[in-house]
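**Student:** Below you'll find start-v1.json; it's JSON, C-alpha atoms.
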[["chain", "number", "residue", "atom", "x", "y", "z"],
["A", 1, "MET", "CA", 45.69, -93.85, 55.93],
["A", 2, "LEU", "CA", 47.91, -91.06, 57.21],
["A", 3, "SER", "CA", 50.54, -89.73, 54.82],
["A", 4, "LYS", "CA", 54.24, -90.27, 55.49],
["A", 5, "MET", "CA", 54.67, -86.52, 56.14],
["A", 6, "THR", "CA", 51.92, -86.53, 58.78],
["A", 7, "LYS", "CA", 53.43, -89.57, 60.52],
["A", 8, "SER", "CA", 56.79, -87.86, 60.62],
["A", 9, "ILE", "CA", 55.27, -84.73, 62.25],
["A", 10, "ILE", "CA", 53.47, -86.76, 64.89],
["A", 11, "LYS", "CA", 56.64, -88.62, 65.89],
["A", 12, "LYS", "CA", 58.37, -85.33, 66.63],
["A", 13, "ILE", "CA", 55.66, -84.08, 69.02],
["A", 14, "SER", "CA", 56.67, -84.14, 72.71],
["A", 15, "LEU", "CA", 55.41, -87.09, 74.75],
["A", 16, "SER", "CA", 54.20, -84.61, 77.40],
["A", 17, "PHE", "CA", 51.08, -84.03, 75.31],
["A", 18, "VAL", "CA", 48.12, -86.26, 74.69],
["A", 19, "ILE", "CA", 47.40, -86.52, 70.97],
["A", 20, "ALA", "CA", 44.00, -87.03, 69.41],
["A", 21, "ALA", "CA", 43.70, -87.26, 65.63],
["A", 22, "SER", "CA", 40.69, -87.73, 63.43],
["A", 23, "ILE", "CA", 39.93, -87.51, 59.78],
["A", 24, "CYS", "CA", 36.83, -85.68, 58.56],
["A", 25, "GLY", "CA", 36.35, -85.44, 54.85],
["A", 26, "THR", "CA", 39.68, -84.51, 53.36],
["A", 27, "GLY", "CA", 41.00, -82.67, 56.48],
["A", 28, "ILE", "CA", 43.05, -83.92, 59.41],
["A", 29, "TYR", "CA", 42.29, -82.50, 62.89],
["A", 30, "ILE", "CA", 44.83, -82.83, 65.71],
["A", 31, "SER", "CA", 44.03, -81.80, 69.29],
["A", 32, "LEU", "CA", 46.91, -81.24, 71.76],
["A", 33, "GLN", "CA", 46.31, -81.20, 75.56],
["A", 34, "PRO", "CA", 48.81, -81.16, 78.48],
["A", 35, "GLY", "CA", 49.46, -84.70, 79.67],
["A", 36, "ASN", "CA", 49.01, -83.82, 83.40],
["A", 37, "GLY", "CA", 45.39, -82.48, 83.03],
["A", 38, "LYS", "CA", 42.82, -83.75, 85.58],
["A", 39, "GLY", "CA", 39.03, -83.38, 85.96],
["A", 40, "GLY", "CA", 35.67, -84.78, 85.01],
["A", 41, "LEU", "CA", 32.77, -86.40, 86.90],
["A", 42, "GLU", "CA", 34.15, -88.33, 89.89],
["A", 43, "MET", "CA", 32.47, -91.60, 90.84],
["A", 44, "PRO", "CA", 32.78, -93.83, 93.94],
["A", 45, "ALA", "CA", 33.51, -96.97, 91.89],
["A", 46, "ILE", "CA", 34.60, -98.10, 88.46],
["A", 47, "PRO", "CA", 31.65, -97.60, 86.11],
["A", 48, "GLN", "CA", 30.23, -100.66, 84.37],
["A", 49, "TYR", "CA", 30.14, -99.91, 80.65],
["A", 50, "THR", "CA", 27.53, -101.45, 78.42],
["A", 51, "SER", "CA", 26.44, -100.94, 74.87],
["A", 52, "GLU", "CA", 24.16, -98.18, 76.20],
["A", 53, "THR", "CA", 26.94, -96.25, 77.93],
["A", 54, "THR", "CA", 26.62, -92.53, 77.16],
["A", 55, "ASP", "CA", 29.34, -90.58, 75.44],
["A", 56, "SER", "CA", 31.30, -87.75, 77.02],
["A", 57, "GLU", "CA", 28.72, -85.14, 76.02],
["A", 58, "ASP", "CA", 25.95, -87.10, 77.76],
["A", 59, "LEU", "CA", 28.08, -87.48, 80.88],
["A", 60, "ALA", "CA", 28.69, -83.75, 80.99],
["A", 61, "SER", "CA", 24.95, -83.17, 80.63],
["A", 62, "SER", "CA", 24.16, -85.54, 83.50],
["A", 63, "GLU", "CA", 26.75, -83.80, 85.70],
["A", 64, "LYS", "CA", 25.12, -80.46, 84.94],
["A", 65, "ALA", "CA", 21.65, -81.88, 85.60],
["A", 66, "GLU", "CA", 22.77, -83.23, 88.97],
["A", 67, "THR", "CA", 24.09, -79.82, 89.94],
["A", 68, "GLU", "CA", 20.89, -78.09, 88.84],
["A", 69, "THR", "CA", 18.75, -80.56, 90.81],
["A", 70, "THR", "CA", 20.76, -79.88, 93.95],
["A", 71, "GLU", "CA", 20.42, -76.14, 93.49],
["A", 72, "ASP", "CA", 16.68, -76.46, 92.90],
["A", 73, "VAL", "CA", 16.04, -78.00, 96.33],
["A", 74, "ALA", "CA", 18.45, -75.82, 98.33],
["A", 75, "LEU", "CA", 16.31, -73.67, 100.66],
["A", 76, "THR", "CA", 17.22, -70.01, 101.04],
["A", 77, "TYR", "CA", 15.32, -66.93, 102.20],
["A", 78, "LYS", "CA", 15.19, -63.28, 101.24],
["A", 79, "ALA", "CA", 13.47, -60.28, 102.83],
["A", 80, "TYR", "CA", 10.70, -58.23, 101.24],
["A", 81, "ARG", "CA", 9.27, -54.96, 102.54],
["A", 82, "VAL", "CA", 5.54, -54.47, 102.00],
["A", 83, "LYS", "CA", 4.64, -51.46, 99.85],
["A", 84, "LYS", "CA", 1.40, -49.52, 99.60],
["A", 85, "GLY", "CA", -1.16, -51.48, 97.61],
["A", 86, "ASP", "CA", 0.60, -54.84, 98.07],
["A", 87, "MET", "CA", -1.51, -57.97, 98.48],
["A", 88, "ILE", "CA", -0.31, -61.37, 99.61],
["A", 89, "GLY", "CA", -1.40, -63.04, 96.37],
["A", 90, "VAL", "CA", 0.49, -60.56, 94.20],
["A", 91, "ILE", "CA", 3.67, -60.73, 96.31],
["A", 92, "ALA", "CA", 3.56, -64.53, 96.13],
["A", 93, "GLU", "CA", 3.12, -64.58, 92.36],
["A", 94, "GLN", "CA", 5.98, -62.14, 91.81],
["A", 95, "ASN", "CA", 8.30, -64.40, 93.82],
["A", 96, "ASN", "CA", 7.18, -67.76, 92.36],
["A", 97, "VAL", "CA", 5.72, -69.07, 95.62],
["A", 98, "THR", "CA", 2.16, -69.55, 96.88],
["A", 99, "GLN", "CA", -0.01, -67.54, 99.25],
["A", 100, "ASP", "CA", 0.18, -70.51, 101.61],
["A", 101, "THR", "CA", 3.98, -70.17, 101.64],
["A", 102, "LEU", "CA", 3.99, -66.52, 102.73],
["A", 103, "ILE", "CA", 1.19, -67.08, 105.26],
["A", 104, "SER", "CA", 2.92, -70.05, 106.86],
["A", 105, "VAL", "CA", 6.52, -68.82, 106.88],
["A", 106, "ASN", "CA", 5.55, -65.42, 108.29],
["A", 107, "ASN", "CA", 2.88, -66.75, 110.70],
["A", 108, "ILE", "CA", 0.26, -64.41, 109.24],
["A", 109, "ARG", "CA", -3.07, -64.75, 111.04],
["A", 110, "ALA", "CA", -5.06, -62.35, 108.83],
["A", 111, "THR", "CA", -3.83, -61.35, 105.37],
["A", 112, "ARG", "CA", -6.01, -58.24, 105.43],
["A", 113, "LEU", "CA", -3.94, -56.88, 108.31],
["A", 114, "ILE", "CA", -0.47, -56.82, 106.72],
["A", 115, "GLN", "CA", 1.06, -53.35, 107.09],
["A", 116, "VAL", "CA", 3.02, -51.09, 104.77],
["A", 117, "GLY", "CA", 6.68, -51.27, 105.82],
["A", 118, "GLN", "CA", 6.30, -54.74, 107.30],
["A", 119, "TYR", "CA", 9.05, -57.20, 106.35],
["A", 120, "LEU", "CA", 8.20, -60.64, 105.00],
["A", 121, "LYS", "CA", 10.48, -63.66, 104.69],
["A", 122, "ILE", "CA", 10.27, -65.19, 101.22],
["A", 123, "PRO", "CA", 11.72, -68.69, 100.69],
["A", 124, "SER", "CA", 13.29, -69.81, 97.43],
["A", 125, "MET", "CA", 10.58, -72.40, 96.79],
["A", 126, "PRO", "CA", 6.86, -72.87, 97.53],
["A", 127, "GLY", "CA", 5.91, -74.84, 100.62],
["A", 128, "ILE", "CA", 4.77, -74.47, 104.23],
["A", 129, "LEU", "CA", 6.20, -74.88, 107.72],
["A", 130, "TYR", "CA", 5.31, -77.99, 109.69],
["A", 131, "THR", "CA", 5.67, -78.60, 113.42],
["A", 132, "VAL", "CA", 6.42, -82.22, 114.30],
["A", 133, "LYS", "CA", 3.47, -83.63, 116.25],
["A", 134, "LYS", "CA", 5.15, -86.59, 117.96],
["A", 135, "ASP", "CA", 8.58, -88.14, 118.41],
["A", 136, "GLY", "CA", 9.63, -90.52, 115.66],
["A", 137, "GLU", "CA", 8.17, -88.74, 112.66],
["A", 138, "THR", "CA", 10.53, -88.62, 109.66],
["A", 139, "PRO", "CA", 10.78, -86.53, 106.48],
["A", 140, "ILE", "CA", 9.31, -89.51, 104.64],
["A", 141, "THR", "CA", 6.21, -89.84, 106.86],
["A", 142, "ILE", "CA", 5.65, -86.08, 106.86],
["A", 143, "ALA", "CA", 6.03, -85.83, 103.08],
["A", 144, "GLU", "CA", 3.48, -88.64, 102.67],
["A", 145, "LYS", "CA", 0.90, -86.59, 104.62],
["A", 146, "TYR", "CA", 1.16, -83.80, 102.08],
["A", 147, "GLY", "CA", 1.79, -85.92, 98.99],
["A", 148, "VAL", "CA", 5.16, -84.32, 98.21],
["A", 149, "ASP", "CA", 8.67, -85.58, 97.37],
["A", 150, "PRO", "CA", 10.33, -87.00, 100.54],
["A", 151, "VAL", "CA", 13.85, -86.66, 99.11],
["A", 152, "LYS", "CA", 13.30, -82.97, 98.38],
["A", 153, "CYS", "CA", 11.76, -82.54, 101.82],
["A", 154, "ALA", "CA", 14.77, -84.10, 103.54],
["A", 155, "PHE", "CA", 17.34, -82.15, 101.47],
["A", 156, "ALA", "CA", 15.60, -78.80, 102.03],
["A", 157, "ASN", "CA", 15.95, -79.33, 105.78],
["A", 158, "ASN", "CA", 19.46, -80.86, 105.65],
["A", 159, "LEU", "CA", 18.17, -84.17, 107.01],
["A", 160, "GLU", "CA", 18.26, -87.85, 106.09],
["A", 161, "ASP", "CA", 14.93, -88.99, 104.66],
["A", 162, "LYS", "CA", 14.47, -91.58, 107.45],
["A", 163, "GLU", "CA", 15.87, -89.41, 110.24],
["A", 164, "SER", "CA", 13.78, -89.59, 113.43],
["A", 165, "LEU", "CA", 12.53, -86.18, 114.58],
["A", 166, "LYS", "CA", 11.54, -84.82, 117.98],
["A", 167, "SER", "CA", 8.13, -83.42, 118.80],
["A", 168, "GLY", "CA", 8.04, -79.62, 118.46],
["A", 169, "SER", "CA", 10.76, -79.30, 115.83],
["A", 170, "THR", "CA", 9.88, -77.34, 112.69],
["A", 171, "LEU", "CA", 10.47, -78.33, 109.06],
["A", 172, "PHE", "CA", 9.88, -76.61, 105.74],
["A", 173, "ILE", "CA", 7.82, -78.91, 103.49],
["A", 174, "PRO", "CA", 8.48, -78.03, 99.82],
["A", 175, "ASP", "CA", 5.37, -77.88, 97.58],
["A", 176, "ALA", "CA", 2.99, -78.58, 100.50],
["A", 177, "GLU", "CA", -0.26, -76.61, 100.87],
["A", 178, "MET", "CA", -2.42, -75.55, 103.81],
["A", 179, "ASP", "CA", -5.84, -77.09, 104.33],
["A", 180, "TRP", "CA", -8.54, -74.96, 102.69],
["A", 181, "VAL", "CA", -10.30, -74.10, 105.96],
["A", 182, "THR", "CA", -7.18, -72.53, 107.46],
["A", 183, "ARG", "CA", -6.48, -70.67, 104.22],
["A", 184, "GLN", "CA", -10.02, -69.27, 104.10],
["A", 185, "GLU", "CA", -9.84, -68.25, 107.75],
["A", 186, "ILE", "CA", -6.63, -66.31, 107.28],
["A", 187, "ASN", "CA", -7.74, -64.72, 104.01],
["A", 188, "GLY", "CA", -11.03, -63.68, 105.65],
["A", 189, "ASP", "CA", -13.16, -65.61, 103.16],
["A", 190, "LEU", "CA", -14.52, -68.47, 105.27],
["A", 191, "PHE", "CA", -18.04, -67.09, 105.87],
["A", 192, "TYR", "CA", -20.56, -65.42, 103.58],
["A", 193, "ILE", "CA", -22.35, -62.27, 104.71],
["A", 194, "PRO", "CA", -25.69, -63.52, 106.06],
["A", 195, "LEU", "CA", -27.62, -60.63, 104.49],
["A", 196, "ARG", "CA", -28.03, -60.13, 100.74],
["A", 197, "ALA", "CA", -29.67, -56.73, 101.02],
["A", 198, "ARG", "CA", -28.12, -53.38, 101.93],
["A", 199, "TYR", "CA", -27.33, -52.95, 105.60],
["A", 200, "ARG", "CA", -25.45, -50.63, 107.92],
["A", 201, "LEU", "CA", -22.97, -51.73, 110.59],
["A", 202, "THR", "CA", -24.21, -50.12, 113.79],
["A", 203, "SER", "CA", -22.03, -52.01, 116.31],
["A", 204, "TYR", "CA", -18.65, -53.69, 115.89],
["A", 205, "PHE", "CA", -17.04, -56.59, 117.73],
["A", 206, "GLY", "CA", -15.31, -55.46, 120.93],
["A", 207, "TRP", "CA", -15.76, -52.90, 123.64],
["A", 208, "ARG", "CA", -18.52, -50.26, 123.29],
["A", 209, "SER", "CA", -20.86, -48.05, 125.30],
["A", 210, "SER", "CA", -24.08, -49.93, 126.01],
["A", 211, "PRO", "CA", -27.05, -48.49, 124.06],
["A", 212, "PHE", "CA", -29.19, -49.20, 127.15],
["A", 213, "THR", "CA", -27.01, -48.16, 130.13],
["A", 214, "SER", "CA", -24.13, -46.22, 128.44],
["A", 215, "ARG", "CA", -21.73, -48.34, 130.48],
["A", 216, "ARG", "CA", -18.66, -49.82, 128.83],
["A", 217, "GLN", "CA", -19.35, -53.41, 127.83],
["A", 218, "PHE", "CA", -18.03, -56.05, 125.48],
["A", 219, "HIS", "CA", -20.08, -56.71, 122.36],
["A", 220, "GLY", "CA", -19.53, -60.27, 121.14],
["A", 221, "GLY", "CA", -20.59, -59.85, 117.52],
["A", 222, "ILE", "CA", -21.60, -57.30, 114.92],
["A", 223, "ASP", "CA", -24.96, -55.55, 114.43],
["A", 224, "MET", "CA", -26.24, -55.14, 110.87],
["A", 225, "ALA", "CA", -29.17, -52.73, 110.64],
["A", 226, "CYS", "CA", -31.72, -53.17, 107.83],
["A", 227, "PRO", "CA", -35.53, -53.24, 107.41],
["A", 228, "THR", "CA", -37.74, -55.69, 109.32],
["A", 229, "GLY", "CA", -38.41, -58.81, 107.28],
["A", 230, "THR", "CA", -35.09, -58.81, 105.37],
["A", 231, "PRO", "CA", -34.12, -62.47, 104.66],
["A", 232, "ILE", "CA", -31.27, -63.96, 106.73],
["A", 233, "TYR", "CA", -29.12, -66.77, 105.29],
["A", 234, "ALA", "CA", -26.67, -69.23, 106.82],
["A", 235, "ALA", "CA", -23.16, -67.78, 106.66],
["A", 236, "LEU", "CA", -21.65, -71.25, 106.15],
["A", 237, "ALA", "CA", -23.03, -74.73, 105.60],
["A", 238, "GLY", "CA", -23.82, -76.64, 108.77],
["A", 239, "LYS", "CA", -26.44, -78.12, 111.07],
["A", 240, "VAL", "CA", -28.99, -76.06, 113.00],
["A", 241, "THR", "CA", -28.36, -77.07, 116.61],
["A", 242, "SER", "CA", -30.48, -74.53, 118.48],
["A", 243, "VAL", "CA", -33.51, -72.31, 117.87],
["A", 244, "GLY", "CA", -35.42, -70.36, 120.49],
["A", 245, "TYR", "CA", -35.96, -67.09, 122.31],
["A", 246, "SER", "CA", -33.85, -65.27, 124.91],
["A", 247, "ASN", "CA", -34.24, -61.92, 126.65],
["A", 248, "VAL", "CA", -30.95, -60.78, 125.09],
["A", 249, "TYR", "CA", -31.08, -62.12, 121.52],
["A", 250, "GLY", "CA", -34.85, -62.43, 121.10],
["A", 251, "ASN", "CA", -35.64, -65.01, 118.41],
["A", 252, "TYR", "CA", -32.32, -66.66, 117.56],
["A", 253, "VAL", "CA", -30.77, -69.52, 115.57],
["A", 254, "ILE", "CA", -27.44, -71.25, 116.22],
["A", 255, "ILE", "CA", -25.71, -73.26, 113.47],
["A", 256, "THR", "CA", -22.82, -75.66, 114.08],
["A", 257, "HIS", "CA", -20.19, -75.81, 111.31],
["A", 258, "HIS", "CA", -16.98, -77.76, 110.71],
["A", 259, "SER", "CA", -13.62, -77.04, 112.36],
["A", 260, "GLY", "CA", -15.11, -75.97, 115.71],
["A", 261, "TYR", "CA", -17.17, -73.06, 114.34],
["A", 262, "LYS", "CA", -20.66, -71.98, 115.39],
["A", 263, "THR", "CA", -22.68, -68.93, 114.33],
["A", 264, "LEU", "CA", -25.52, -67.16, 116.14],
["A", 265, "TYR", "CA", -28.20, -65.02, 114.44],
["A", 266, "GLY", "CA", -30.27, -62.85, 116.81],
["A", 267, "HIS", "CA", -33.25, -60.48, 117.08],
["A", 268, "MET", "CA", -35.20, -62.21, 114.30],
["A", 269, "SER", "CA", -38.80, -61.23, 113.62],
["A", 270, "ARG", "CA", -39.38, -64.78, 112.41],
["A", 271, "ILE", "CA", -37.48, -68.07, 112.63],
["A", 272, "ILE", "CA", -37.64, -70.25, 109.51],
["A", 273, "ALA", "CA", -34.98, -72.91, 110.21],
["A", 274, "THR", "CA", -35.75, -75.93, 112.35],
["A", 275, "ARG", "CA", -33.54, -77.72, 114.86],
["A", 276, "GLY", "CA", -31.57, -80.57, 113.29],
["A", 277, "GLN", "CA", -31.89, -79.16, 109.76],
["A", 278, "TYR", "CA", -28.82, -79.17, 107.50],
["A", 279, "VAL", "CA", -28.43, -75.78, 105.82],
["A", 280, "THR", "CA", -26.23, -74.27, 103.11],
["A", 281, "THR", "CA", -25.37, -70.67, 102.30],
["A", 282, "ASN", "CA", -28.48, -70.59, 100.09],
["A", 283, "SER", "CA", -30.77, -71.58, 102.99],
["A", 284, "MET", "CA", -32.97, -68.85, 104.46],
["A", 285, "ILE", "CA", -33.03, -69.35, 108.23],
["A", 286, "GLY", "CA", -35.11, -66.35, 109.33],
["A", 287, "ARG", "CA", -36.00, -62.69, 108.88],
["A", 288, "VAL", "CA", -34.60, -59.52, 110.44],
["A", 289, "GLY", "CA", -36.47, -58.09, 113.41],
["A", 290, "SER", "CA", -36.06, -56.28, 116.72],
["A", 291, "THR", "CA", -36.93, -58.91, 119.33],
["A", 292, "GLY", "CA", -35.09, -59.19, 122.66],
["A", 293, "ALA", "CA", -32.75, -56.41, 123.83],
["A", 294, "SER", "CA", -32.79, -54.28, 120.69],
["A", 295, "THR", "CA", -33.18, -50.59, 119.82],
["A", 296, "GLY", "CA", -34.38, -51.23, 116.24],
["A", 297, "PRO", "CA", -34.52, -53.80, 113.43],
["A", 298, "HIS", "CA", -31.12, -55.41, 112.85],
["A", 299, "LEU", "CA", -29.31, -58.75, 112.73],
["A", 300, "HIS", "CA", -26.90, -59.56, 115.54],
["A", 301, "PHE", "CA", -24.27, -61.97, 114.17],
["A", 302, "THR", "CA", -21.78, -63.82, 116.40],
["A", 303, "VAL", "CA", -19.06, -66.32, 115.40],
["A", 304, "TYR", "CA", -17.63, -68.85, 117.88],
["A", 305, "LYS", "CA", -14.41, -70.81, 117.35],
["A", 306, "ASN", "CA", -14.12, -73.73, 119.78],
["A", 307, "GLY", "CA", -16.52, -71.94, 122.12],
["A", 308, "LYS", "CA", -14.72, -68.59, 122.00],
["A", 309, "MET", "CA", -16.16, -65.49, 120.33],
["A", 310, "VAL", "CA", -14.08, -64.18, 117.41],
["A", 311, "ASN", "CA", -14.42, -61.09, 115.25],
["A", 312, "PRO", "CA", -16.79, -61.91, 112.34],
["A", 313, "LEU", "CA", -15.27, -59.16, 110.17],
["A", 314, "ASN", "CA", -12.01, -61.12, 110.00],
["A", 315, "LEU", "CA", -13.85, -64.07, 108.46],
["A", 316, "LEU", "CA", -16.55, -62.58, 106.24],
["A", 317, "GLY", "CA", -15.82, -62.63, 102.52]]
Represent the structure contained in this file as structure tokens.
**Tutor:**
Amino acid sequence: MLSKMTKSIIKKISLSFVIAASICGTGIYISLQPGNGKGGLEMPAIPQYTSETTDSEDLASSEKAETETTEDVALTYKAYRVKKGDMIGVIAEQNNVTQDTLISVNNIRATRLIQVGQYLKIPSMPGILYTVKKDGETPITIAEKYGVDPVKCAFANNLEDKESLKSGSTLFIPDAEMDWVTRQEINGDLFYIPLRARYRLTSYFGWRSSPFTSRRQFHGGIDMACPTGTPIYAALAGKVTSVGYSNVYGNYVIITHHSGYKTLYGHMSRIIATRGQYVTTNSMIGRVGSTGASTGPHLHFTVYKNGKMVNPLNLLG
């Protein structure tokens, strides 16, 4: 019960204030607020209160949580200039994203070739870029491909989750990852070195002076000089699709791998693999020699991607 003195004081307070009174222990606490104050969490309809309705503190917490969630999925970018000694993995870790994120967003084709002074775009969240393959794809269908949150995917790109997209348009897919083959290709770790003994690179991939005619010619692989008889291993698991002899490569083996890759091993002194055999990186397929057009014992190693020669040094771990 309030005392008569307290009741008298309350009656004299201006009606322009909202009065809240409570009793705690032996004290009386009175809070005065201007009567025209406005604010709070706005809702599109009258809320339905139940016995489980949260109190004002819980409502404030939910309002804060909603704001934080929105901020978490807002996509922004910042620039980073590569310094001496920087590596993609370290840069990614320092900025709370993945290697895949930096590779995809910056269209990096070989992480070993990033240059000091080069600028990289760094997004505010991990993920990769995706190019729409056909008309009618939506953020939901794309998110399902990568097993990520479709709502977050739509919000990051300022789209509706069921919005129909046109072929060729590009989206950022939060939390998505690249397939491991592409990642290994770009990081230069897809293939193992086919020799496990010491060797010396005597010819690189690209243009060179012919060791036979001195004319400028294109060399479609790398030459790895080492003693005759040195074991040669498959650089990647696959199926042996060709073995034989040619005037150029001497005794050779060709292995077909996944993702359009093939590898050729030339100038062998002895072929061990057989056609149709499935091999792994622990399978010995032959021994180093100097057969065919060769000036000394070495392994000629060529990598093909969809029928086109590519530089093996960009793929060897």
**Student:** List the spatial neighbours of Asn306 (chain A) as an mmCIF file with C-alpha atoms, in the coordinates of the input - criterion: any atom at most 12 Å away, all atoms listed in the file, same-chain residues fewer than 6 positions off excluded.
**Tutor:**
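Written file, result.cif:
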data_model
loop_
_atom_site.group_PDB
_atom_site.id
_atom_site.type_symbol
_atom_site.label_atom_id
_atom_site.label_comp_id
_atom_site.auth_asym_id
_atom_site.auth_seq_id
_atom_site.Cartn_x
_atom_site.Cartn_y
_atom_site.Cartn_z
ATOM 1 C CA THR A 256 -22.820 -75.660 114.080
ATOM 2 C CA HIS A 257 -20.190 -75.810 111.310
ATOM 3 C CA HIS A 258 -16.980 -77.760 110.710
ATOM 4 C CA SER A 259 -13.620 -77.040 112.360
ATOM 5 C CA GLY A 260 -15.110 -75.970 115.710
ATOM 6 C CA TYR A 261 -17.170 -73.060 114.340
ATOM 7 C CA LYS A 262 -20.660 -71.980 115.390
ATOM 8 C CA THR A 263 -22.680 -68.930 114.330
#
**Student:** Please identify all polymer residues lying at most 12 Å from the point (-29.6, -78.5, 105.1) (file coordinates), using all atoms listed in the file, and present the result as a list in words.
**Tutor:** Tyr233, Ala234, Leu236, Ala237, Gly238, Lys239, Val240, Thr241, Ile255, Thr256, His257, Ala273, Thr274, Arg275, Gly276, Gln277, Tyr278, Val279, Thr280, Thr281, Asn282, Ser283, Met284 and Ile285 of chain A
**Student:** Which residue out of A:Gly296, A:Gly188, A:Gly286, A:Gly266 has the minimum interatomic distance to Ala110 (chain A) when only C-alpha atoms are used?
**Tutor:**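 Between A:Gly296, A:Gly188, A:Gly286, A:Gly266, the residue approaching Ala110 (chain A) most closely is A:Gly188.
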**Student:** Using only C-alpha atoms, I'd like a table of the residues in region 109-138 of chain A that come within 10 Å of region 87-90 of chain A; for each, show the closest atom pair and its distance in Å rounded to one decimal, ordered by chain and ascending number, as JSON lines.
**Tutor:**
{"residue": "A:Thr111", "atom": "CA", "partner": "A:Ile88", "partner_atom": "CA", "distance": 6.8}
{"residue": "A:Arg112", "atom": "CA", "partner": "A:Met87", "partner_atom": "CA", "distance": 8.3}
{"residue": "A:Ile114", "atom": "CA", "partner": "A:Met87", "partner_atom": "CA", "distance": 8.4}
**Student:** Do you have the CA of Ser246 (chain A)-CA of Gly292 (chain A) distance handy?
**Tutor:**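 Atom-to-atom, CA of Ser246 (chain A) to CA of Gly292 (chain A), that is 6.6 Å.
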**Student:** Which residues, written as JSON, numbers by chain, have at least one atom at most 7 Å from Ile122 (chain A), with all atoms listed in the file counted and residues fewer than 5 positions away on the same chain left out?
**Tutor:** {"A": [77, 78, 79, 80, 102]}
**Student:** Write a file for region 118-155 of chain A of the given structure; include C-alpha atoms and format it as a tab-separated table (two decimals), in the first residue's frame.
**Tutor:**
chain	number	residue	atom	x	y	z
A	118	GLN	CA	49.08	-6.72	-57.14
A	119	TYR	CA	45.69	-5.70	-55.74
A	120	LEU	CA	43.20	-8.32	-54.60
A	121	LYS	CA	39.49	-7.88	-53.91
A	122	ILE	CA	38.52	-9.35	-50.55
A	123	PRO	CA	34.81	-9.90	-49.81
A	124	SER	CA	33.33	-9.61	-46.33
A	125	MET	CA	32.42	-13.30	-46.20
A	126	PRO	CA	33.74	-16.60	-47.58
A	127	GLY	CA	32.24	-17.90	-50.81
A	128	ILE	CA	32.82	-18.13	-54.55
A	129	LEU	CA	31.51	-16.55	-57.74
A	130	TYR	CA	29.07	-18.52	-59.86
A	131	THR	CA	28.07	-17.92	-63.48
A	132	VAL	CA	24.48	-18.90	-64.25
A	133	LYS	CA	24.51	-21.81	-66.70
A	134	LYS	CA	20.99	-21.55	-68.11
A	135	ASP	CA	17.95	-19.28	-67.97
A	136	GLY	CA	15.58	-19.97	-65.09
A	137	GLU	CA	18.08	-20.83	-62.37
A	138	THR	CA	17.28	-19.22	-59.01
A	139	PRO	CA	19.23	-18.48	-55.82
A	140	ILE	CA	17.48	-21.49	-54.30
A	141	THR	CA	18.51	-23.96	-57.02
A	142	ILE	CA	22.06	-22.61	-57.09
A	143	ALA	CA	22.39	-22.76	-53.30
A	144	GLU	CA	21.20	-26.38	-53.37
A	145	LYS	CA	24.07	-27.29	-55.71
A	146	TYR	CA	26.59	-26.11	-53.15
A	147	GLY	CA	24.67	-27.09	-50.01
A	148	VAL	CA	24.50	-23.53	-48.64
A	149	ASP	CA	21.78	-21.26	-47.21
A	150	PRO	CA	19.50	-20.03	-50.05
A	151	VAL	CA	18.22	-17.06	-48.03
A	152	LYS	CA	21.76	-15.86	-47.37
A	153	CYS	CA	22.61	-16.43	-51.03
A	154	ALA	CA	19.67	-14.33	-52.20
A	155	PHE	CA	20.29	-11.51	-49.70
